[in-house]
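Participant: I have a structure I would like to understand better, so I am pasting it below and will then ask my questions one at a time.
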Amino acid sequence: MNITTGEALLRRFKALGIDFVFVNSGTDFPPIIEGLARAQGDEGAPLPIPVIAPHEHAAMGMAHGYYLATGRSQAVMVHTNVGLANAAIGALNAACEHIPTILCSGRAPVTESGRFGGRLNPINWGQEMRDQHALVREAVKWDFELRVPEQVADVVDRAYAIANSAPRGPVYLSLPREVLCETVPSERLAAPPQLAPSTPGPRTADIERAATILARAARPLIIGQRGPGGVDGFATLARLAEDWAIPVVEYWPTQISLSTGHPMHAGYDPGALLATADAVLVIDALTPWAPADHAPPVDCPVIQIGQDPLFTRTPVRGFRTDIALPGEVAPTLAALTDAMAARLDSRKDAIEARRPALIDSNSRLRAARRRRRAAADGGDGPMTKAWVARCVGDFSERHDSIVLAELGCQLPDMTLTRPGCYFQEPHSGGLGWGLTAALGIQLADRERLVVATVGDGSYMFANPVACHQIAEAYDLPVLTIVLNNSGWNAVRHATKALYPDGAAAKANVMPLTAFSPSPDFAKVAEANRGYAERVEPGCDLPAALERARHVIQHDRRQALLDIQVASD
């Protein structure tokens, strides 16, 4: 049986294990739409479930979030060059965080007459580009244009395998409308994939060298940033830190590496420990410290673990790497832990000698954070971000929720103990990620309570009307918490950091950082039948969180809290 190339593309996606295609369609989609309509009447034609995203940024963020929750890559399909331009920020975020997304966009027809699928109206001329791929080429691992319909299975297999090969990341496939309109046989489309993703691993000799260095160290240090590789890695790192009395610092974390209550959790500033360390283990960190502020001793060896320990897509990154251990983080960390176990008995006295001081120091750090949160208690005035984070952290632990933070609730102000319970915005800084990724996580785990904490600027970047429409249309009742300080606080802080005594720092209103008037965010959610509430005094927040949870879990409605916070 012959089917359109557009339908063949979708069938091959499903055969590779892609559950959803996040779609923002356009005039290049008729053969795909026709294939979907035809396949819906054919029970023997399994296809990914299409999710209509009214904005391309939401489509990319949902694919990102779905992967964080499941470890399975998904596909995004957008409209020609204009859709691809809107998806580019999501591609940058995916590239930065090693999210293997298959990004596709149509390509404006190139034939002016005489071929089915050719140009029909003025936009087909207006949307043609000399190099459409250039819009995302800096972000993707591989890009290609589907040129003949017979290639569809082979090209999709290659795209999927490359995206899922470490270091993972997005790939891009351009789809000319004329090719999508052609027909191909359907026989091969359900066959097993022809290409397997490649997964590098560290050399045994390098594991042994790293184990020797860490075991002999008197002042070893572990720095984490993107988590230790899931549930197994979380348990391995906790055991390694405990057995060897090694402090763990999370510097600008995007995922949680260790329970914040673990006796070896040493906070979020590596400066003091790094300055005296005699061995450092860096776990999947793009920036393990800030060279302008921190530095290890010149004779301190540094070991880096990660899919790509050198972060090769970053042009300038000069962090010392004496031993690079490439591979999946959790099994690499497990191999290193096993190698160190053979050396444990011989180092017992040294380990127990340093343990009490570390436990005491880390305990004092936790106490200081508790005092900071307590000082920001929920009184009758505007809340601080620290108070919101304290309440959300307690709420998350109580209800086993997943928290996403995009300039919202920061991990240093929270108490969280579970693997995979916290994700922060990518260091690429493509704002609008938090709410969109939350939708993808909710799609993957419909019964889980998912909380997106976002700044008011980040919320607007997410195209919230589109996000709330998706939440209603696909029964994805996330809790959105907008920390509303009527401006871009990150920009304000950056300006003060560079010009602490400058005119901008002294101004009543810093230029280019404030929103006036601030929108009524509650009404945005209410437009899609969501529950919404504006919360001003801090004492009202705990009860507001519980009201929102009740609506989500009992009424299956999305909820939004517009929380008024003081600028800090």
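In the structure tokens, the first chain shown is A, the next is B, and so on; residue numbers restart at 1 for each chain, and ligands run from 1 in the order shown.
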Would you mind writing down, as a VMD selection string, each residue of stretch 384-536 of chain A that DSSP on the backbone assigns to alpha helix (DSSP H)?
Facilitator: chain A and resid 385 to 399 433 to 444 456 to 461 464 to 473 489 to 498 503 to 506 521 to 526
Participant: May I have the residues within 6 Å of A:Val21 as a list of chain:residue names, using only C-alpha atoms and disregarding those fewer than 6 positions away in the same chain?
Facilitator: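 The contact residues come out as A:Pro50, A:Ala75, A:Val76.
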Participant: Quick one: of A:His55, A:Lys141, A:Arg370, A:His98, who's nearest to A:Ser73, counting only C-alpha atoms?
Facilitator: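 Selected residue with least distance to A:Ser73: A:His98.
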Participant: Tell me which protein, DNA and RNA residues are within 10 Å of stretch 388-395 of chain A, counting only C-alpha atoms, leaving out same-chain ones fewer than 5 positions away, and put them as a tab-separated table (two decimals) with N, CA, C and O atoms, in the first residue's frame.
Facilitator:
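Below is the file part-v8.tsv, written as the result:
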chain	number	residue	atom	x	y	z
A	370	ARG	N	18.25	27.95	57.04
A	370	ARG	CA	16.97	27.93	57.76
A	370	ARG	C	16.68	29.28	58.39
A	370	ARG	O	15.54	29.76	58.37
A	372	ARG	N	17.71	32.15	57.34
A	372	ARG	CA	17.35	33.09	56.26
A	372	ARG	C	15.90	32.91	55.87
A	372	ARG	O	15.16	33.88	55.67
A	373	ARG	N	15.46	31.66	55.74
A	373	ARG	CA	14.06	31.42	55.38
A	373	ARG	C	13.13	31.85	56.50
A	373	ARG	O	12.06	32.41	56.24
A	374	ALA	N	13.54	31.60	57.73
A	374	ALA	CA	12.68	31.98	58.86
A	374	ALA	C	12.56	33.49	58.98
A	374	ALA	O	11.51	34.02	59.35
A	376	ALA	N	12.39	35.46	56.64
A	376	ALA	CA	11.45	35.90	55.61
A	376	ALA	C	10.10	35.26	55.86
A	376	ALA	O	9.52	34.64	54.98
A	377	ASP	N	9.62	35.35	57.10
A	377	ASP	CA	8.39	34.63	57.44
A	377	ASP	C	7.18	35.27	56.79
A	377	ASP	O	7.24	36.36	56.23
A	378	GLY	N	6.10	34.57	56.86
A	378	GLY	CA	4.90	35.02	56.18
A	378	GLY	C	4.11	36.00	57.00
A	378	GLY	O	3.15	35.65	57.68
A	383	MET	N	5.87	39.23	50.17
A	383	MET	CA	6.75	38.11	50.47
A	383	MET	C	8.12	38.32	49.84
A	383	MET	O	8.27	39.00	48.84
A	400	ASP	N	4.87	15.12	47.27
A	400	ASP	CA	5.69	14.42	46.28
A	400	ASP	C	5.55	15.05	44.89
A	400	ASP	O	5.35	14.36	43.89
A	401	SER	N	5.68	16.35	44.83
A	401	SER	CA	5.52	17.05	43.55
A	401	SER	C	6.86	17.26	42.87
A	401	SER	O	7.92	17.13	43.49
A	402	ILE	N	6.80	17.58	41.59
A	402	ILE	CA	7.98	17.99	40.83
A	402	ILE	C	7.92	19.51	40.70
A	402	ILE	O	6.90	20.07	40.32
A	403	VAL	N	9.03	20.17	41.01
A	403	VAL	CA	9.11	21.63	40.95
A	403	VAL	C	10.02	22.03	39.82
A	403	VAL	O	11.15	21.54	39.70
A	405	ALA	N	11.79	25.49	38.24
A	405	ALA	CA	12.09	26.86	38.64
A	405	ALA	C	12.72	27.60	37.48
A	405	ALA	O	13.74	27.17	36.96
A	408	GLY	N	12.30	31.48	39.52
A	408	GLY	CA	11.24	31.37	40.50
A	408	GLY	C	11.81	30.94	41.83
A	408	GLY	O	12.61	31.66	42.43
A	409	CYS	N	11.45	29.74	42.31
A	409	CYS	CA	11.93	29.25	43.59
A	409	CYS	C	13.29	28.59	43.41
A	409	CYS	O	13.40	27.54	42.77
A	410	GLN	N	14.31	29.17	43.99
A	410	GLN	CA	15.67	28.67	43.82
A	410	GLN	C	15.97	27.58	44.86
A	410	GLN	O	15.55	27.66	46.02
A	411	LEU	N	16.75	26.59	44.45
A	411	LEU	CA	17.04	25.44	45.30
A	411	LEU	C	17.68	25.81	46.63
A	411	LEU	O	17.36	25.19	47.65
A	412	PRO	N	18.60	26.80	46.72
A	412	PRO	CA	19.21	27.11	48.02
A	412	PRO	C	18.21	27.52	49.10
A	412	PRO	O	18.53	27.44	50.29
A	413	ASP	N	17.01	27.93	48.70
A	413	ASP	CA	16.01	28.34	49.68
A	413	ASP	C	14.96	27.25	49.93
A	413	ASP	O	13.95	27.51	50.58
A	414	MET	N	15.22	26.03	49.44
A	414	MET	CA	14.25	24.95	49.57
A	414	MET	C	14.88	23.77	50.31
A	414	MET	O	16.09	23.62	50.35
A	415	THR	N	14.02	22.94	50.86
A	415	THR	CA	14.44	21.66	51.43
A	415	THR	C	13.81	20.57	50.57
A	415	THR	O	12.60	20.37	50.58
A	416	LEU	N	14.66	19.87	49.81
A	416	LEU	CA	14.19	18.82	48.91
A	416	LEU	C	15.08	17.60	49.08
A	416	LEU	O	16.31	17.74	49.17
A	417	THR	N	14.49	16.44	49.08
A	417	THR	CA	15.24	15.22	49.43
A	417	THR	C	15.17	14.14	48.37
A	417	THR	O	15.85	13.12	48.50
A	422	TYR	N	13.29	18.31	41.11
A	422	TYR	CA	13.56	19.74	40.89
A	422	TYR	C	14.33	19.90	39.58
A	422	TYR	O	15.32	19.21	39.33
A	451	VAL	N	4.62	21.52	39.52
A	451	VAL	CA	4.56	22.92	39.92
A	451	VAL	C	5.60	23.70	39.12
A	451	VAL	O	6.80	23.41	39.21
A	453	THR	N	7.34	27.20	38.91
A	453	THR	CA	7.54	28.48	39.59
A	453	THR	C	8.36	29.37	38.66
A	453	THR	O	9.47	29.03	38.28
A	481	ILE	N	3.03	29.05	39.48
A	481	ILE	CA	3.24	30.05	40.52
A	481	ILE	C	4.08	31.17	39.93
A	481	ILE	O	5.24	30.96	39.56
A	483	LEU	N	6.03	34.43	40.49
A	483	LEU	CA	6.63	35.30	41.50
A	483	LEU	C	6.74	36.69	40.88
A	483	LEU	O	7.63	36.96	40.07
A	538	GLY	N	2.37	37.25	52.96
A	538	GLY	CA	3.02	35.95	53.03
A	538	GLY	C	2.28	34.93	53.85
A	538	GLY	O	2.33	33.73	53.56
A	541	LEU	N	0.05	32.40	51.91
A	541	LEU	CA	0.56	31.50	50.87
A	541	LEU	C	0.33	30.02	51.16
A	541	LEU	O	-0.12	29.29	50.27
A	542	PRO	N	0.65	29.49	52.35
A	542	PRO	CA	0.44	28.05	52.55
A	542	PRO	C	-0.97	27.59	52.27
A	542	PRO	O	-1.18	26.56	51.61
A	545	LEU	N	-1.67	27.57	48.46
A	545	LEU	CA	-1.08	26.40	47.80
A	545	LEU	C	-2.00	25.19	47.95
A	545	LEU	O	-2.21	24.43	46.99
A	546	GLU	N	-2.57	25.00	49.12
A	546	GLU	CA	-3.45	23.85	49.34
A	546	GLU	C	-4.76	24.00	48.57
A	546	GLU	O	-5.29	23.01	48.06
A	549	ARG	N	-3.93	23.04	45.04
A	549	ARG	CA	-3.76	21.59	44.93
A	549	ARG	C	-5.10	20.88	44.91
A	549	ARG	O	-5.32	19.94	44.12
A	563	ILE	N	1.72	35.62	42.82
A	563	ILE	CA	2.26	35.93	44.14
A	563	ILE	C	3.06	37.22	44.08
A	563	ILE	O	4.02	37.34	43.31
A	564	GLN	N	2.69	38.16	44.89
A	564	GLN	CA	3.37	39.45	44.92
A	564	GLN	C	4.60	39.35	45.81
A	564	GLN	O	4.50	39.09	47.01
A	565	VAL	N	5.78	39.51	45.22
A	565	VAL	CA	7.02	39.41	45.99
A	565	VAL	C	7.76	40.73	45.94
A	565	VAL	O	7.66	41.50	44.96
Participant: Smallest atom-to-atom distance to A:His133: which of A:Ala15, A:Val23, A:Ala543, A:Leu84, using only C-alpha atoms?
Facilitator: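 Looking only at the distances to A:His133, the closest residue turns out to be A:Leu84.
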Participant: Closest to A:Leu175 among A:Ala566, A:Ala45, A:Val152, A:Leu435, using only C-alpha atoms?
Facilitator: A:Val152
Participant: Looking at only C-alpha atoms, which of A:Pro288, A:Pro296, A:Gly327, A:Gly61 is the one that sits closest to A:Pro167?
Facilitator: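 So, comparing all the options, the nearest one is A:Gly327.
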